[in-house]
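What's in input38.txt: compact mmCIF, C-alpha atoms
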# COMPACT_ATOMS: atom_id res chain seq x y z
CA MET A 1 24.72 -52.70 -51.48
CA ARG A 2 22.26 -55.04 -53.18
CA THR A 3 18.73 -55.25 -51.85
CA GLU A 4 16.71 -58.41 -52.42
CA LEU A 5 13.03 -58.26 -51.74
CA SER A 6 10.44 -61.00 -52.18
CA LEU A 7 6.85 -60.12 -51.47
CA THR A 8 3.95 -62.53 -51.68
CA ASN A 9 0.97 -60.26 -51.03
CA SER A 10 -0.11 -57.83 -53.76
CA TYR A 11 -0.66 -55.08 -51.17
CA PHE A 12 2.98 -55.21 -50.18
CA THR A 13 4.10 -55.52 -53.79
CA ASP A 14 2.33 -52.24 -54.56
CA HIS A 15 3.86 -50.60 -51.50
CA ALA A 16 7.39 -51.98 -51.77
CA PHE A 17 8.94 -48.52 -51.51
CA ALA A 18 8.53 -48.61 -47.72
CA TYR A 19 10.55 -51.81 -47.48
CA ALA A 20 13.42 -51.01 -49.84
CA ASN A 21 16.06 -51.45 -47.13
CA CYS A 22 14.86 -54.88 -45.94
CA THR A 23 16.46 -58.11 -47.05
CA VAL A 24 13.87 -60.86 -46.87
CA SER A 25 14.04 -64.51 -47.83
CA VAL A 26 11.42 -66.17 -50.00
CA LYS A 27 9.71 -67.93 -47.07
CA GLU A 28 9.28 -64.84 -44.87
CA LYS A 29 6.22 -62.65 -45.15
CA ILE A 30 6.89 -59.03 -44.33
CA MET A 31 4.16 -56.71 -43.14
CA THR A 32 3.67 -53.78 -40.88
CA LEU A 33 2.96 -54.40 -37.23
CA ALA A 34 -0.61 -53.14 -37.72
CA PHE A 35 -1.32 -56.16 -39.96
CA ALA A 36 0.57 -58.78 -37.93
CA PRO A 37 -1.46 -61.86 -36.95
CA PHE A 38 -2.52 -62.05 -33.32
CA GLY A 39 -0.63 -64.41 -31.01
CA ARG A 40 2.28 -65.02 -33.40
CA GLU A 41 5.81 -63.95 -32.48
CA MET A 42 7.33 -61.69 -35.14
CA ILE A 43 10.82 -60.25 -35.60
CA ILE A 44 11.22 -56.49 -36.09
CA LYS A 45 12.99 -55.87 -39.41
CA GLN A 46 12.80 -52.10 -39.75
CA ILE A 47 11.43 -49.04 -37.95
CA ASN A 48 10.49 -46.17 -40.29
CA ALA A 49 10.35 -43.33 -37.77
CA ASP A 50 12.42 -40.36 -36.69
CA ASP A 51 15.38 -40.79 -34.31
CA LYS A 52 13.47 -39.59 -31.23
CA THR A 53 10.70 -42.15 -31.78
CA LYS A 54 13.23 -44.92 -32.48
CA ARG A 55 15.02 -44.18 -29.20
CA HIS A 56 11.72 -44.20 -27.31
CA LEU A 57 10.76 -47.57 -28.84
CA GLU A 58 14.20 -48.98 -27.99
CA ASN A 59 13.68 -47.91 -24.37
CA LEU A 60 10.41 -49.87 -24.44
CA GLY A 61 12.27 -52.95 -25.74
CA MET A 62 11.41 -52.62 -29.42
CA ALA A 63 14.60 -52.68 -31.47
CA VAL A 64 15.44 -54.04 -34.92
CA GLY A 65 16.04 -57.77 -34.55
CA GLY A 66 13.90 -58.03 -31.42
CA SER A 67 10.77 -60.13 -31.10
CA VAL A 68 7.26 -58.86 -30.52
CA THR A 69 3.85 -60.54 -30.34
CA SER A 70 0.65 -58.78 -31.40
CA MET A 71 -1.96 -59.53 -28.73
CA PHE A 72 -5.08 -57.75 -30.01
CA ASP A 73 -6.41 -54.61 -31.67
CA SER A 74 -8.45 -52.20 -29.57
CA ASP A 75 -10.17 -49.27 -31.33
CA GLY A 76 -7.30 -48.90 -33.80
CA ASN A 77 -4.60 -49.26 -31.16
CA VAL A 78 -2.39 -52.34 -31.30
CA VAL A 79 -1.56 -54.07 -28.02
CA LEU A 80 1.78 -55.90 -28.11
CA LYS A 81 3.62 -58.29 -25.88
CA ILE A 82 7.30 -57.42 -25.58
CA LYS A 83 9.11 -59.89 -23.33
CA ASP A 84 6.78 -59.98 -20.27
CA CYS A 85 5.15 -56.56 -20.73
CA ARG A 86 2.21 -55.25 -22.71
CA VAL A 87 2.59 -52.09 -24.74
CA ALA A 88 -0.08 -50.24 -26.72
CA LEU A 89 0.79 -48.36 -29.93
CA ASN A 90 -1.49 -46.26 -32.06
CA ARG A 91 -2.15 -47.47 -35.59
CA ALA A 92 -0.02 -44.75 -37.23
CA LEU A 93 3.10 -45.84 -35.33
CA ALA A 94 2.31 -49.53 -35.85
CA MET A 95 2.25 -48.88 -39.61
CA LYS A 96 5.86 -47.63 -39.43
CA ILE A 97 7.22 -50.85 -37.91
CA VAL A 98 8.06 -53.64 -40.39
CA VAL A 99 8.02 -57.22 -39.07
CA ALA A 100 8.53 -60.67 -40.54
Entire entry expressed as structure tokens:
Amino acid sequence: MRTELSLTNSYFTDHAFAYANCTVSVKEKIMTLAFAPFGREMIIKQINADDKTKRHLENLGMAVGGSVTSMFDSDGNVVLKIKDCRVALNRALAMKIVVA
């Protein structure tokens, strides 16, 4: 399996090890959910968590390939819009979710 990875931001270039399994085109910017711009719909590319956490996120509607919108940041917690619901994640978990 060949992995192609194009990163435009130097932060993500330095931390490319976390995104080694993502295939990204030249025009997409990948980032963690904690750094996603507010009000912009993003697609989940990868979830770097254990199986129990992945299952819990899938039950909340967050699966790889699904869309999510970052609404705002409140004291380090990220508030997301998933379909018609709002979900709050702590910053540590938001850092494990890769979006583009």
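Compared by their closest atoms to Pro37 in chain A, and using only C-alpha atoms, the residues A:Val64, A:Val87, A:Val79, A:Met71 rank with A:Met71 nearest.
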Around the point (11.7, -44.0, -36.3) in the file's coordinates, collect all residues with an atom within 12 Å, using only C-alpha atoms, and return them as a list in words.
-> Gln46, Ile47, Asn48, Ala49, Asp50, Asp51, Lys52, Thr53, Lys54, Arg55, His56, Leu57, Glu58, Met62, Ala63, Val64, Ala92, Leu93, Ala94, Met95, Lys96, Ile97 and Val98 of chain A
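Of note, CA of Val99 in chain A and CA of Asn59 in chain A are spaced 18.3 Å apart.
Picture a line from CA of Asn90 in chain A to CA of Ser74 in chain A; it runs 9.5 Å.
For the atom pair formed by CA of Val78 in chain A and CA of Gly66 in chain A, the distance is 17.3 Å, given to one decimal.
Among the candidate residues A:Asp75, A:Ala100, A:Ser67, A:Lys81, the one lying nearest to Gly39 in chain A is A:Lys81, with distances computed using only C-alpha atoms.
Distance annotation: of A:Arg86, A:Gly76, A:Arg91, A:Ser70, the residue with the minimal separation from Met42 in chain A is A:Ser70; atom set is only C-alpha atoms.
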Mind working out the centre and edge lengths of an axis-aligned box for range 87-97 of chain A, all listed atoms inside, 3 Å added to each side, rounded to one decimal in Å and written as lines of an AutoDock Vina configuration file?
center_x = 2.5
center_y = -48.4
center_z = -32.2
size_x = 15.4
size_y = 13.3
size_z = 20.9
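Minimum distance to Ile43 in chain A across A:Ala88, A:Phe72, A:Glu28, A:Asn77 (counting only C-alpha atoms) occurs at A:Glu28.
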Kindly output range 47-83 of chain A as an mmCIF file, in the frame of the given file, after building N, CA and C atoms.
data_model
loop_
_atom_site.group_PDB
_atom_site.id
_atom_site.type_symbol
_atom_site.label_atom_id
_atom_site.label_comp_id
_atom_site.auth_asym_id
_atom_site.auth_seq_id
_atom_site.Cartn_x
_atom_site.Cartn_y
_atom_site.Cartn_z
ATOM 1 N N ILE A 47 12.298 -50.037 -38.565
ATOM 2 C CA ILE A 47 11.430 -49.040 -37.950
ATOM 3 C C ILE A 47 11.575 -47.768 -38.770
ATOM 4 N N ASN A 48 10.494 -47.351 -39.433
ATOM 5 C CA ASN A 48 10.490 -46.170 -40.290
ATOM 6 C C ASN A 48 9.955 -44.970 -39.512
ATOM 7 N N ALA A 49 10.762 -44.466 -38.591
ATOM 8 C CA ALA A 49 10.350 -43.330 -37.770
ATOM 9 C C ALA A 49 11.562 -42.423 -37.559
ATOM 10 N N ASP A 50 11.314 -41.269 -36.965
ATOM 11 C CA ASP A 50 12.420 -40.360 -36.690
ATOM 12 C C ASP A 50 13.268 -40.896 -35.523
ATOM 13 N N ASP A 51 14.431 -40.293 -35.320
ATOM 14 C CA ASP A 51 15.380 -40.790 -34.310
ATOM 15 C C ASP A 51 14.808 -40.757 -32.900
ATOM 16 N N LYS A 52 14.046 -39.705 -32.572
ATOM 17 C CA LYS A 52 13.470 -39.590 -31.230
ATOM 18 C C LYS A 52 12.504 -40.746 -30.965
ATOM 19 N N THR A 53 11.668 -41.053 -31.938
ATOM 20 C CA THR A 53 10.700 -42.150 -31.780
ATOM 21 C C THR A 53 11.419 -43.487 -31.709
ATOM 22 N N LYS A 54 12.455 -43.678 -32.527
ATOM 23 C CA LYS A 54 13.230 -44.920 -32.480
ATOM 24 C C LYS A 54 13.852 -45.131 -31.107
ATOM 25 N N ARG A 55 14.419 -44.075 -30.532
ATOM 26 C CA ARG A 55 15.020 -44.180 -29.200
ATOM 27 C C ARG A 55 13.971 -44.529 -28.158
ATOM 28 N N HIS A 56 12.794 -43.911 -28.261
ATOM 29 C CA HIS A 56 11.720 -44.200 -27.310
ATOM 30 C C HIS A 56 11.278 -45.664 -27.425
ATOM 31 N N LEU A 57 11.138 -46.167 -28.648
ATOM 32 C CA LEU A 57 10.760 -47.570 -28.840
ATOM 33 C C LEU A 57 11.843 -48.507 -28.329
ATOM 34 N N GLU A 58 13.117 -48.153 -28.521
ATOM 35 C CA GLU A 58 14.200 -48.980 -27.990
ATOM 36 C C GLU A 58 14.163 -49.027 -26.474
ATOM 37 N N ASN A 59 13.808 -47.917 -25.831
ATOM 38 C CA ASN A 59 13.680 -47.910 -24.370
ATOM 39 C C ASN A 59 12.528 -48.793 -23.900
ATOM 40 N N LEU A 60 11.527 -48.977 -24.764
ATOM 41 C CA LEU A 60 10.410 -49.870 -24.440
ATOM 42 C C LEU A 60 10.735 -51.330 -24.757
ATOM 43 N N GLY A 61 11.878 -51.582 -25.400
ATOM 44 C CA GLY A 61 12.270 -52.950 -25.740
ATOM 45 C C GLY A 61 12.031 -53.319 -27.182
ATOM 46 N N MET A 62 11.667 -52.351 -28.004
ATOM 47 C CA MET A 62 11.410 -52.620 -29.420
ATOM 48 C C MET A 62 12.575 -52.129 -30.255
ATOM 49 N N ALA A 63 13.450 -53.035 -30.639
ATOM 50 C CA ALA A 63 14.600 -52.680 -31.470
ATOM 51 C C ALA A 63 14.627 -53.624 -32.670
ATOM 52 N N VAL A 64 15.299 -53.199 -33.727
ATOM 53 C CA VAL A 64 15.440 -54.040 -34.920
ATOM 54 C C VAL A 64 16.127 -55.338 -34.521
ATOM 55 N N GLY A 65 15.530 -56.448 -34.910
ATOM 56 C CA GLY A 65 16.040 -57.770 -34.550
ATOM 57 C C GLY A 65 15.356 -58.361 -33.332
ATOM 58 N N GLY A 66 14.613 -57.557 -32.597
ATOM 59 C CA GLY A 66 13.900 -58.030 -31.420
ATOM 60 C C GLY A 66 12.589 -58.698 -31.780
ATOM 61 N N SER A 67 12.038 -59.445 -30.848
ATOM 62 C CA SER A 67 10.770 -60.130 -31.100
ATOM 63 C C SER A 67 9.628 -59.412 -30.409
ATOM 64 N N VAL A 68 8.469 -59.501 -31.035
ATOM 65 C CA VAL A 68 7.260 -58.860 -30.520
ATOM 66 C C VAL A 68 6.066 -59.731 -30.920
ATOM 67 N N THR A 69 5.063 -59.782 -30.060
ATOM 68 C CA THR A 69 3.850 -60.540 -30.340
ATOM 69 C C THR A 69 2.651 -59.602 -30.303
ATOM 70 N N SER A 70 1.866 -59.595 -31.356
ATOM 71 C CA SER A 70 0.650 -58.780 -31.400
ATOM 72 C C SER A 70 -0.436 -59.525 -30.626
ATOM 73 N N MET A 71 -0.958 -58.891 -29.581
ATOM 74 C CA MET A 71 -1.960 -59.530 -28.730
ATOM 75 C C MET A 71 -3.379 -59.307 -29.263
ATOM 76 N N PHE A 72 -3.761 -58.058 -29.467
ATOM 77 C CA PHE A 72 -5.080 -57.750 -30.010
ATOM 78 C C PHE A 72 -5.117 -56.301 -30.462
ATOM 79 N N ASP A 73 -6.192 -55.952 -31.135
ATOM 80 C CA ASP A 73 -6.410 -54.610 -31.670
ATOM 81 C C ASP A 73 -7.592 -54.010 -30.920
ATOM 82 N N SER A 74 -7.398 -52.826 -30.346
ATOM 83 C CA SER A 74 -8.450 -52.200 -29.570
ATOM 84 C C SER A 74 -8.695 -50.784 -30.078
ATOM 85 N N ASP A 75 -9.791 -50.583 -30.794
ATOM 86 C CA ASP A 75 -10.170 -49.270 -31.330
ATOM 87 C C ASP A 75 -9.051 -48.636 -32.152
ATOM 88 N N GLY A 76 -8.373 -49.411 -32.966
ATOM 89 C CA GLY A 76 -7.300 -48.900 -33.800
ATOM 90 C C GLY A 76 -5.933 -48.955 -33.154
ATOM 91 N N ASN A 77 -5.873 -49.120 -31.850
ATOM 92 C CA ASN A 77 -4.600 -49.260 -31.160
ATOM 93 C C ASN A 77 -4.191 -50.725 -31.151
ATOM 94 N N VAL A 78 -2.906 -50.978 -31.288
ATOM 95 C CA VAL A 78 -2.390 -52.340 -31.300
ATOM 96 C C VAL A 78 -1.734 -52.621 -29.963
ATOM 97 N N VAL A 79 -2.149 -53.678 -29.294
ATOM 98 C CA VAL A 79 -1.560 -54.070 -28.020
ATOM 99 C C VAL A 79 -0.568 -55.188 -28.294
ATOM 100 N N LEU A 80 0.677 -54.979 -27.836
ATOM 101 C CA LEU A 80 1.780 -55.900 -28.110
ATOM 102 C C LEU A 80 2.311 -56.507 -26.837
ATOM 103 N N LYS A 81 2.905 -57.670 -26.981
ATOM 104 C CA LYS A 81 3.620 -58.290 -25.880
ATOM 105 C C LYS A 81 5.096 -58.222 -26.230
ATOM 106 N N ILE A 82 5.860 -57.524 -25.408
ATOM 107 C CA ILE A 82 7.300 -57.420 -25.580
ATOM 108 C C ILE A 82 7.920 -57.997 -24.314
ATOM 109 N N LYS A 83 8.585 -59.128 -24.463
ATOM 110 C CA LYS A 83 9.110 -59.890 -23.330
ATOM 111 C C LYS A 83 7.954 -60.219 -22.394
#
